[in-house]
file coords-v9.txt (compact mmCIF, C-alpha atoms)
# COMPACT_ATOMS: atom_id res chain seq x y z
CA MET A 1059 -84.25 31.02 91.88
CA ASN A 1060 -82.84 33.14 94.71
CA GLU A 1061 -79.63 34.88 93.55
CA LEU A 1062 -77.84 34.19 96.82
CA VAL A 1063 -78.72 30.51 96.61
CA THR A 1064 -77.58 30.20 93.01
CA THR A 1065 -74.27 31.89 93.85
CA ARG A 1066 -73.74 29.49 96.73
CA ILE A 1067 -74.62 26.45 94.57
CA ARG A 1068 -72.20 27.53 91.86
CA SER A 1069 -69.43 28.04 94.42
CA THR A 1070 -70.06 24.66 96.05
CA ALA A 1071 -70.23 22.91 92.68
CA THR A 1072 -66.86 24.39 91.70
CA ARG A 1073 -65.31 23.25 94.98
CA LEU A 1074 -66.65 19.73 94.38
CA GLY A 1075 -65.26 19.66 90.84
CA LEU A 1076 -68.70 19.72 89.21
CA ASN A 1077 -67.48 22.04 86.49
CA HIS A 1078 -70.47 21.71 84.16
CA LEU A 1079 -73.11 22.63 86.73
CA PRO A 1080 -72.25 26.32 87.39
CA SER A 1081 -72.71 27.38 83.76
CA GLN A 1082 -75.85 25.28 83.24
CA LEU A 1083 -77.61 25.84 86.57
CA ASP A 1084 -80.20 28.24 85.19
CA THR A 1085 -80.95 25.86 82.30
CA PHE A 1086 -81.35 22.93 84.67
CA ALA A 1087 -83.64 24.95 86.90
CA ARG A 1088 -85.88 25.94 83.97
CA ARG A 1089 -86.07 22.32 82.78
CA ALA A 1090 -86.98 21.18 86.27
CA GLU A 1091 -89.69 23.82 86.52
CA ASP A 1092 -91.08 23.18 83.02
CA ASN A 1093 -91.25 19.42 83.65
CA GLN A 1094 -92.39 19.78 87.27
CA MET A 1095 -89.54 17.61 88.47
CA GLY A 1096 -89.28 16.40 92.03
CA TYR A 1097 -86.10 16.88 94.06
CA LEU A 1098 -84.70 13.45 93.23
CA GLU A 1099 -85.47 13.84 89.52
CA PHE A 1100 -83.69 17.21 89.49
CA LEU A 1101 -80.66 15.73 91.28
CA ASP A 1102 -80.61 12.82 88.81
CA LEU A 1103 -80.69 15.27 85.89
CA VAL A 1104 -77.77 17.29 87.23
CA LEU A 1105 -75.61 14.27 88.02
CA GLU A 1106 -76.33 12.55 84.68
CA GLU A 1107 -75.42 15.68 82.74
CA GLU A 1108 -72.23 16.12 84.75
CA ALA A 1109 -71.25 12.48 84.21
CA ALA A 1110 -71.89 12.73 80.46
CA VAL A 1111 -69.68 15.81 80.16
CA ARG A 1112 -66.91 14.13 82.14
CA ASP A 1113 -67.15 10.97 80.03
CA GLU A 1114 -66.89 13.01 76.83
CA ARG A 1115 -63.90 14.93 78.20
CA ARG A 1116 -62.17 11.70 79.22
CA PHE A 1117 -62.92 10.18 75.81
CA ARG A 1118 -61.39 13.15 73.96
CA SER A 1119 -58.33 13.00 76.19
CA ALA A 1120 -57.96 9.25 75.56
CA LEU A 1121 -58.15 9.82 71.80
CA ARG A 1122 -55.46 12.50 72.00
CA LEU A 1123 -53.12 10.28 74.03
CA SER A 1124 -53.74 7.24 71.81
CA LYS A 1125 -51.84 8.75 68.84
CA LEU A 1126 -54.40 7.24 66.46
CA PRO A 1127 -53.87 8.49 62.88
CA HIS A 1128 -57.60 9.25 62.52
CA HIS A 1129 -60.82 8.60 64.41
CA LYS A 1130 -62.90 6.65 61.89
CA THR A 1131 -65.55 4.31 63.22
CA LEU A 1132 -67.11 1.10 61.91
CA ASP A 1133 -70.04 3.19 60.65
CA ASP A 1134 -67.58 4.67 58.13
CA TYR A 1135 -66.46 1.25 56.84
CA ASP A 1136 -67.96 0.04 53.54
CA PHE A 1137 -68.61 -3.64 54.20
CA SER A 1138 -70.36 -3.95 50.82
CA PHE A 1139 -66.99 -3.46 49.10
CA GLN A 1140 -65.60 -6.50 50.95
CA PRO A 1141 -68.31 -9.16 50.44
CA GLU A 1142 -66.08 -11.97 51.75
CA LEU A 1143 -65.73 -10.19 55.11
CA ASP A 1144 -68.51 -11.16 57.53
CA PRO A 1145 -69.62 -7.95 59.29
CA ARG A 1146 -70.78 -10.04 62.25
CA LYS A 1147 -67.19 -10.98 63.06
CA ILE A 1148 -66.17 -7.34 63.23
CA LYS A 1149 -69.25 -6.41 65.26
CA ASP A 1150 -68.39 -9.21 67.69
CA LEU A 1151 -64.94 -7.66 68.10
CA ALA A 1152 -66.60 -4.27 68.61
CA THR A 1153 -68.21 -5.60 71.80
CA LEU A 1154 -64.62 -5.42 73.14
CA SER A 1155 -64.98 -8.68 75.05
CA PHE A 1156 -61.53 -9.69 73.76
CA ILE A 1157 -60.06 -6.64 75.51
CA GLU A 1158 -61.83 -7.51 78.73
CA ASP A 1159 -60.30 -11.01 78.43
CA LYS A 1160 -56.88 -9.52 77.56
CA GLY A 1161 -56.97 -11.25 74.21
CA ASN A 1162 -55.80 -10.05 70.81
CA ALA A 1163 -57.16 -9.32 67.34
CA VAL A 1164 -55.20 -9.72 64.10
CA LEU A 1165 -56.34 -8.33 60.75
CA LEU A 1166 -54.64 -9.90 57.72
CA GLY A 1167 -54.88 -8.91 54.08
CA PRO A 1168 -53.27 -7.07 51.18
CA PRO A 1169 -52.76 -3.30 51.24
CA GLY A 1170 -55.81 -1.08 50.92
CA VAL A 1171 -58.56 -3.43 52.15
CA GLY A 1172 -59.29 -1.44 55.30
CA LYS A 1173 -57.29 -3.27 57.97
CA THR A 1174 -56.08 -0.06 59.59
CA HIS A 1175 -59.56 1.46 59.41
CA ILE A 1176 -61.04 -1.47 61.36
CA ALA A 1177 -58.16 -1.50 63.84
CA VAL A 1178 -58.59 2.22 64.50
CA ALA A 1179 -62.37 1.86 64.78
CA LEU A 1180 -61.93 -0.82 67.44
CA ALA A 1181 -59.43 1.42 69.22
CA VAL A 1182 -61.84 4.37 69.16
CA ALA A 1183 -64.54 2.12 70.64
CA ALA A 1184 -62.06 1.04 73.32
CA CYS A 1185 -61.34 4.68 74.18
CA ARG A 1186 -65.06 5.35 74.44
CA ALA A 1187 -65.41 2.36 76.80
CA GLY A 1188 -62.72 3.73 79.12
CA TYR A 1189 -59.72 1.65 78.04
CA THR A 1190 -56.32 3.22 77.44
CA VAL A 1191 -55.01 2.85 73.89
CA TYR A 1192 -51.74 3.47 72.07
CA PHE A 1193 -51.22 3.28 68.29
CA THR A 1194 -47.93 2.69 66.48
CA THR A 1195 -46.68 1.24 63.25
CA LEU A 1196 -44.27 -1.65 63.67
CA ASP A 1197 -41.52 0.38 62.02
CA ASP A 1198 -41.95 3.33 64.42
CA MET A 1199 -42.04 1.07 67.47
CA VAL A 1200 -38.87 -0.76 66.49
CA ARG A 1201 -37.09 2.49 65.66
CA ARG A 1202 -37.96 4.02 69.04
CA LEU A 1203 -36.99 0.89 70.95
CA LYS A 1204 -33.66 0.61 69.12
CA ALA A 1205 -32.83 4.24 69.84
CA ALA A 1206 -33.76 3.78 73.51
CA ASP A 1207 -31.69 0.60 73.78
CA ALA A 1208 -28.67 2.40 72.36
CA ILE A 1209 -28.73 4.96 75.20
CA GLY A 1210 -29.71 2.57 77.98
CA ARG A 1211 -33.36 3.62 78.20
CA LEU A 1212 -35.01 0.50 76.79
CA THR A 1213 -36.86 -0.42 79.98
CA SER A 1214 -38.50 2.99 80.35
CA THR A 1215 -39.41 3.19 76.64
CA LEU A 1216 -40.93 -0.29 76.73
CA ARG A 1217 -43.47 1.04 79.21
CA THR A 1218 -44.98 3.15 76.41
CA TYR A 1219 -46.02 -0.10 74.73
CA LEU A 1220 -46.76 -2.13 77.86
CA ARG A 1221 -48.83 0.36 79.88
CA PRO A 1222 -51.99 0.80 77.76
CA ASN A 1223 -54.87 -1.66 77.90
CA VAL A 1224 -54.76 -1.85 74.09
CA LEU A 1225 -51.69 -1.61 71.86
CA VAL A 1226 -52.40 -1.19 68.14
CA ILE A 1227 -49.46 -2.32 65.95
CA ASP A 1228 -50.02 -1.40 62.32
CA GLU A 1229 -48.22 -2.44 59.11
CA VAL A 1230 -46.49 -5.62 60.23
CA GLY A 1231 -44.63 -7.12 57.28
CA TYR A 1232 -43.99 -4.09 55.09
CA GLN A 1233 -40.31 -4.07 56.01
CA PRO A 1234 -38.28 -7.13 57.08
CA LEU A 1235 -36.58 -6.81 60.47
CA GLU A 1236 -33.11 -7.72 61.60
CA ARG A 1237 -32.87 -10.35 64.33
CA ALA A 1238 -32.11 -7.78 67.04
CA GLU A 1239 -35.13 -5.75 65.94
CA ALA A 1240 -37.33 -8.85 65.96
CA ASN A 1241 -36.18 -9.56 69.50
CA LEU A 1242 -37.47 -6.13 70.57
CA VAL A 1243 -40.87 -6.99 69.10
CA PHE A 1244 -40.80 -10.30 70.95
CA GLN A 1245 -40.18 -8.47 74.22
CA VAL A 1246 -43.26 -6.31 73.69
CA ILE A 1247 -45.53 -9.23 72.73
CA SER A 1248 -44.15 -11.46 75.47
CA LYS A 1249 -44.50 -8.88 78.24
CA ARG A 1250 -48.06 -8.03 77.17
CA TYR A 1251 -49.08 -11.69 77.00
CA GLU A 1252 -52.27 -12.18 79.05
CA LYS A 1253 -51.75 -8.71 80.58
CA GLY A 1254 -53.07 -6.47 77.82
CA SER A 1255 -54.55 -6.65 74.33
CA VAL A 1256 -52.88 -6.21 70.95
CA ILE A 1257 -54.69 -5.22 67.77
CA LEU A 1258 -52.35 -5.95 64.88
CA THR A 1259 -52.55 -5.53 61.11
CA SER A 1260 -50.35 -7.32 58.59
CA ASN A 1261 -50.13 -7.79 54.85
CA LYS A 1262 -48.35 -11.14 55.35
CA ASN A 1263 -49.90 -14.47 56.24
CA PHE A 1264 -48.46 -16.24 59.26
CA GLY A 1265 -46.40 -18.59 57.08
CA GLU A 1266 -44.39 -15.57 55.90
CA TRP A 1267 -43.61 -14.18 59.35
CA ALA A 1268 -40.32 -16.07 59.56
CA GLN A 1269 -39.14 -13.88 56.66
CA VAL A 1270 -40.54 -10.73 58.27
CA PHE A 1271 -38.72 -11.37 61.56
CA SER A 1272 -35.59 -12.93 59.95
CA ASP A 1273 -35.71 -15.82 62.42
CA GLU A 1274 -38.12 -18.74 62.39
CA VAL A 1275 -37.71 -19.42 66.12
CA LEU A 1276 -38.48 -15.79 67.06
CA ALA A 1277 -41.41 -15.64 64.65
CA THR A 1278 -42.83 -18.83 66.14
CA ALA A 1279 -42.38 -17.49 69.68
CA ILE A 1280 -44.16 -14.24 68.77
CA LEU A 1281 -47.02 -16.08 67.07
CA ASP A 1282 -47.33 -18.52 69.95
CA ARG A 1283 -48.07 -15.72 72.41
CA LEU A 1284 -50.02 -13.53 70.01
CA LEU A 1285 -52.39 -16.24 68.79
CA HIS A 1286 -53.04 -18.06 72.07
CA HIS A 1287 -56.04 -15.82 72.82
CA CYS A 1288 -56.75 -14.20 69.48
CA ASP A 1289 -59.40 -13.47 66.86
CA VAL A 1290 -57.91 -13.62 63.37
CA ILE A 1291 -59.80 -11.76 60.63
CA PRO A 1292 -58.63 -12.29 57.04
CA ILE A 1293 -59.69 -9.62 54.53
CA ASN A 1294 -59.03 -10.80 50.99
CA GLY A 1295 -60.85 -8.27 48.87
CA PRO A 1296 -60.04 -5.39 46.52
CA SER A 1297 -58.24 -2.23 47.56
CA TYR A 1298 -60.28 0.85 48.53
CA ARG A 1299 -57.41 3.10 47.50
CA LEU A 1300 -57.12 1.41 44.10
CA LYS A 1301 -60.90 1.68 43.66
CA ASN A 1302 -60.76 5.43 44.27
CA ARG A 1303 -57.73 5.78 42.01
CA LEU A 1304 -59.38 3.85 39.18
CA ALA A 1305 -62.55 5.91 39.58
CA ALA A 1306 -60.52 9.11 39.30
CA ILE A 1307 -58.75 7.81 36.17
CA THR A 1308 -62.09 6.81 34.64
CA ASP A 1309 -63.59 10.23 35.38
CA THR A 1310 -60.58 11.96 33.83
CA ALA A 1311 -60.78 9.77 30.74
CA THR A 1312 -64.50 10.46 30.41
CA VAL A 1313 -63.93 14.22 30.59
CA ALA A 1314 -61.13 13.98 28.03
call {"tool": "encode", "arguments": {"input": "coords-v9.txt", "output": "C-alpha cells"}}
result
Amino acid sequence: MNELVTTRIRSTATRLGLNHLPSQLDTFARRAEDNQMGYLEFLDLVLEEEAAVRDERRFRSALRLSKLPHHKTLDDYDFSFQPELDPRKIKDLATLSFIEDKGNAVLLGPPGVGKTHIAVALAVAACRAGYTVYFTTLDDMVRRLKAADAIGRLTSTLRTYLRPNVLVIDEVGYQPLERAEANLVFQVISKRYEKGSVILTSNKNFGEWAQVFSDEVLATAILDRLLHHCDVIPINGPSYRLKNRLAAITDTATVA
C-alpha cells in the first residue's frame, strides 16, 4: 500500500475517532489481499473490528463504574451443587428481558448459596448488553444516604442509586434497620419503581421483612413496589463456603 495513502488514512481515521484502525491498517490490508476482498468487504471488516473494540472498551468502563465486587459469570456457577435450583429460571433472567421491562429480580436464601454470585453475573451480562449498573450492599447504601441527609445532600446522593438502569442491592436482612433508615430504602425503591430495575439478594423470606425494616407498613410498601414486576428465585441449598471449609477440614484430618 502506498505510504502516502496509508499516512493519510491513519490521519483521517484519528480525526474521525477510529482509534483502532491506524495501528491495524497494515494487518487489515494484508487480510484483504490474502482473502481477495472486495471494497465493501474490506470496509465491513474495518468497521466491524472498530465496533468490537469500542464495545469491549465500553464494557470494561461499565464494569469499572458498576463497583461490582467481582466479575463472575453464570458459567462459573455450579448448578449441580444446588439441585433444587432450576437453571432455566436463571438463564431466563440472563436474557435480561426483565431489565428491558424495568422489572426486578430477587434472590432469596441462606448465606453461602450463591445469591451474590448470580446477582453479579446478571449485572455483568447487563454491562455487556450496554446497560448501566451500580452495586451496593444495603448497609453501605443506607450509611451513605444517612450521611448525605445529615449534611443536606440527600437528593444528590440519591441520584447514585436512581441513575443506573440496574441497581444491585446485596445482603438485605443481615442487619435490622431503624425506621428512618428503612424510609431511605423506601425512597430508593419507590423512585425506581417502573423506571429502572433492581436485583436484590436477601437471607430473609418476605414474612421477615417487617423485622428487617422495623416497620410493617414500610416493609409492605417496599415489597409492594419491588414485587409488582419481579422474578423471585429461592435458593434453599447447602452453602458453597461451608462445603469448601468442610473439604479443607477433611483434607487436614486426612493428612494428620
call {"tool": "closest_residue", "arguments": {"input": "coords-v9.txt", "among": "A:Ala1205, A:Val1246, A:Ala1187, A:Cys1288", "to": "Arg1118 of chain A", "atoms": "only C-alpha atoms"}}
result
A:Ala1187
call {"tool": "residues_around", "arguments": {"input": "coords-v9.txt", "residues": "Val1256 of chain A", "least_positions_apart": "3", "cutoff": "7 Å", "atoms": "only C-alpha atoms", "output": "PyMOL selection string"}}
result
chain A and resi 1162-1163+1224-1226
call {"tool": "residues_around", "arguments": {"input": "coords-v9.txt", "residues": "segment 1269-1277 of chain A", "least_positions_apart": "5", "cutoff": "7 Å", "atoms": "all atoms listed in the file", "output": "list in words"}}
result
Gly1231, Pro1234, Leu1235, Glu1236, Arg1237 and Ala1240 of chain A
call {"tool": "residues_around", "arguments": {"input": "coords-v9.txt", "residues": "segment 1216-1219 of chain A", "least_positions_apart": "6", "cutoff": "9 Å", "atoms": "only C-alpha atoms", "output": "ChimeraX atom specification"}}
result
/A:1192-1194,1199,1203,1206,1225,1245-1246,1250
call {"tool": "residues_around", "arguments": {"input": "coords-v9.txt", "residues": "Tyr1189 of chain A", "least_positions_apart": "5", "cutoff": "9 Å", "atoms": "only C-alpha atoms", "output": "JSON, numbers by chain"}}
result
{"A": [1120, 1157, 1181, 1183, 1184, 1222, 1223, 1224]}
call {"tool": "residues_near_point", "arguments": {"input": "coords-v9.txt", "point": "(-60.4, -4.6, 46.9)", "cutoff": "7 Å", "atoms": "only C-alpha atoms", "output": "list of chain:residue names"}}
result
A:Gln1140, A:Val1171, A:Gly1295, A:Pro1296, A:Ser1297, A:Tyr1298
call {"tool": "closest_residue", "arguments": {"input": "coords-v9.txt", "among": "A:Lys1147, A:Arg1116, A:Arg1068, A:His1175", "to": "Asp1133 of chain A", "atoms": "all atoms listed in the file"}}
result
A:His1175
call {"tool": "residues_around", "arguments": {"input": "coords-v9.txt", "residues": "Leu1083 of chain A", "least_positions_apart": "4", "cutoff": "9 Å", "atoms": "only C-alpha atoms", "output": "PDB file with C-alpha atoms, in the frame of the given file"}}
result
ATOM      1  CA  THR A1064     -77.580  30.200  93.010  1.00  0.00           C
ATOM      2  CA  ILE A1067     -74.620  26.450  94.570  1.00  0.00           C
ATOM      3  CA  ARG A1068     -72.200  27.530  91.860  1.00  0.00           C
ATOM      4  CA  HIS A1078     -70.470  21.710  84.160  1.00  0.00           C
ATOM      5  CA  LEU A1079     -73.110  22.630  86.730  1.00  0.00           C
ATOM      6  CA  ALA A1087     -83.640  24.950  86.900  1.00  0.00           C
ATOM      7  CA  ARG A1088     -85.880  25.940  83.970  1.00  0.00           C
ATOM      8  CA  VAL A1104     -77.770  17.290  87.230  1.00  0.00           C
TER       9      VAL A1104
END
call {"tool": "closest_residue", "arguments": {"input": "coords-v9.txt", "among": "A:Arg1112, A:Lys1149, A:His1286, A:Lys1160", "to": "Lys1253 of chain A", "atoms": "only C-alpha atoms"}}
result
A:Lys1160
call {"tool": "atom_distance", "arguments": {"input": "coords-v9.txt", "atom1": "atom CA of Asn1077 of chain A", "atom2": "atom CA of Glu1061 of chain A"}}
result
19.0 Å
call {"tool": "closest_residue", "arguments": {"input": "coords-v9.txt", "among": "A:Ser1124, A:Ser1248, A:Thr1259, A:Thr1070", "to": "Ala1177 of chain A", "atoms": "all atoms listed in the file"}}
result
A:Thr1259
call {"tool": "closest_residue", "arguments": {"input": "coords-v9.txt", "among": "A:Gln1233, A:Asn1263, A:Asn1093, A:Thr1278", "to": "Thr1195 of chain A", "atoms": "all atoms listed in the file"}}
result
A:Gln1233
call {"tool": "axis_aligned_box", "arguments": {"input": "coords-v9.txt", "around": "segment 1233-1244 of chain A", "padding_each_side": "5 Å", "output": "AutoDock Vina command-line options"}}
result
--center_x -36.5 --center_y -7.2 --center_z 63.5 --size_x 18.8 --size_y 16.3 --size_z 24.9
call {"tool": "atom_distance", "arguments": {"input": "coords-v9.txt", "atom1": "atom CA of Asp1282 of chain A", "atom2": "atom CA of Ile1247 of chain A"}}
result
9.9 Å
call {"tool": "closest_residue", "arguments": {"input": "coords-v9.txt", "among": "A:Arg1089, A:Lys1262, A:Arg1115, A:His1128", "to": "Arg1186 of chain A", "atoms": "all atoms listed in the file"}}
result
A:Arg1115
call {"tool": "build_atoms", "arguments": {"input": "coords-v9.txt", "residues": "segment 1235-1246 of chain A", "atoms": "all heavy atoms", "output": "compact mmCIF listing (two decimals), in the coordinates of the input"}}
result
# COMPACT_ATOMS: atom_id res chain seq x y z
N LEU A 1235 -37.35 -7.26 59.31
CA LEU A 1235 -36.58 -6.81 60.47
C LEU A 1235 -35.30 -7.61 60.62
O LEU A 1235 -35.24 -8.78 60.23
CB LEU A 1235 -37.41 -6.95 61.75
CG LEU A 1235 -38.77 -6.25 61.80
CD1 LEU A 1235 -39.44 -6.51 63.14
CD2 LEU A 1235 -38.61 -4.75 61.57
N GLU A 1236 -34.29 -6.98 61.20
CA GLU A 1236 -33.11 -7.72 61.60
C GLU A 1236 -33.44 -8.51 62.86
O GLU A 1236 -34.42 -8.23 63.56
CB GLU A 1236 -31.96 -6.74 61.87
CG GLU A 1236 -31.56 -5.93 60.65
CD GLU A 1236 -30.52 -4.87 60.99
OE1 GLU A 1236 -30.17 -4.76 62.20
OE2 GLU A 1236 -30.10 -4.14 60.08
N ARG A 1237 -32.57 -9.49 63.18
CA ARG A 1237 -32.87 -10.35 64.33
C ARG A 1237 -32.97 -9.55 65.63
O ARG A 1237 -33.85 -9.79 66.45
CB ARG A 1237 -31.81 -11.45 64.48
CG ARG A 1237 -32.26 -12.54 65.46
CD ARG A 1237 -31.20 -13.61 65.66
NE ARG A 1237 -31.73 -14.71 66.43
CZ ARG A 1237 -31.99 -14.69 67.73
NH1 ARG A 1237 -31.77 -13.58 68.41
NH2 ARG A 1237 -32.48 -15.75 68.35
N ALA A 1238 -32.08 -8.58 65.82
CA ALA A 1238 -32.11 -7.78 67.04
C ALA A 1238 -33.41 -6.97 67.11
O ALA A 1238 -33.98 -6.78 68.20
CB ALA A 1238 -30.91 -6.84 67.09
N GLU A 1239 -33.88 -6.50 65.98
CA GLU A 1239 -35.13 -5.75 65.94
C GLU A 1239 -36.31 -6.67 66.26
O GLU A 1239 -37.23 -6.30 66.99
CB GLU A 1239 -35.31 -5.10 64.57
CG GLU A 1239 -34.26 -4.05 64.25
CD GLU A 1239 -34.34 -3.57 62.81
OE1 GLU A 1239 -34.77 -4.36 61.94
OE2 GLU A 1239 -33.96 -2.41 62.55
N ALA A 1240 -36.28 -7.88 65.69
CA ALA A 1240 -37.33 -8.85 65.96
C ALA A 1240 -37.38 -9.21 67.44
O ALA A 1240 -38.45 -9.44 68.00
CB ALA A 1240 -37.12 -10.10 65.11
N ASN A 1241 -36.22 -9.25 68.08
CA ASN A 1241 -36.18 -9.56 69.50
C ASN A 1241 -36.88 -8.48 70.32
O ASN A 1241 -37.51 -8.76 71.34
CB ASN A 1241 -34.73 -9.72 69.97
CG ASN A 1241 -34.64 -10.13 71.42
OD1 ASN A 1241 -35.14 -11.18 71.80
ND2 ASN A 1241 -34.02 -9.30 72.23
N LEU A 1242 -36.77 -7.23 69.88
CA LEU A 1242 -37.47 -6.13 70.57
C LEU A 1242 -38.98 -6.30 70.46
O LEU A 1242 -39.71 -6.07 71.43
CB LEU A 1242 -37.05 -4.78 69.98
CG LEU A 1242 -35.60 -4.37 70.21
CD1 LEU A 1242 -35.26 -3.12 69.40
CD2 LEU A 1242 -35.34 -4.12 71.70
N VAL A 1243 -39.44 -6.74 69.28
CA VAL A 1243 -40.87 -6.99 69.10
C VAL A 1243 -41.32 -8.14 70.00
O VAL A 1243 -42.38 -8.08 70.64
CB VAL A 1243 -41.20 -7.32 67.63
CG1 VAL A 1243 -42.69 -7.62 67.46
CG2 VAL A 1243 -40.79 -6.17 66.72
N PHE A 1244 -40.49 -9.17 70.08
CA PHE A 1244 -40.80 -10.30 70.95
C PHE A 1244 -40.95 -9.85 72.41
O PHE A 1244 -41.85 -10.31 73.12
CB PHE A 1244 -39.71 -11.37 70.85
CG PHE A 1244 -39.85 -12.46 71.89
CD1 PHE A 1244 -40.83 -13.43 71.77
CD2 PHE A 1244 -39.02 -12.49 72.99
CE1 PHE A 1244 -40.98 -14.42 72.73
CE2 PHE A 1244 -39.15 -13.47 73.96
CZ PHE A 1244 -40.14 -14.44 73.83
N GLN A 1245 -40.09 -8.96 72.84
CA GLN A 1245 -40.18 -8.47 74.22
C GLN A 1245 -41.53 -7.80 74.48
O GLN A 1245 -42.14 -7.99 75.54
CB GLN A 1245 -39.03 -7.51 74.52
CG GLN A 1245 -37.67 -8.17 74.62
CD GLN A 1245 -36.63 -7.23 75.17
OE1 GLN A 1245 -36.79 -6.66 76.25
NE2 GLN A 1245 -35.55 -7.05 74.43
N VAL A 1246 -41.98 -6.99 73.51
CA VAL A 1246 -43.26 -6.31 73.69
C VAL A 1246 -44.40 -7.33 73.75
O VAL A 1246 -45.25 -7.29 74.67
CB VAL A 1246 -43.51 -5.31 72.53
CG1 VAL A 1246 -44.93 -4.74 72.61
CG2 VAL A 1246 -42.49 -4.18 72.59
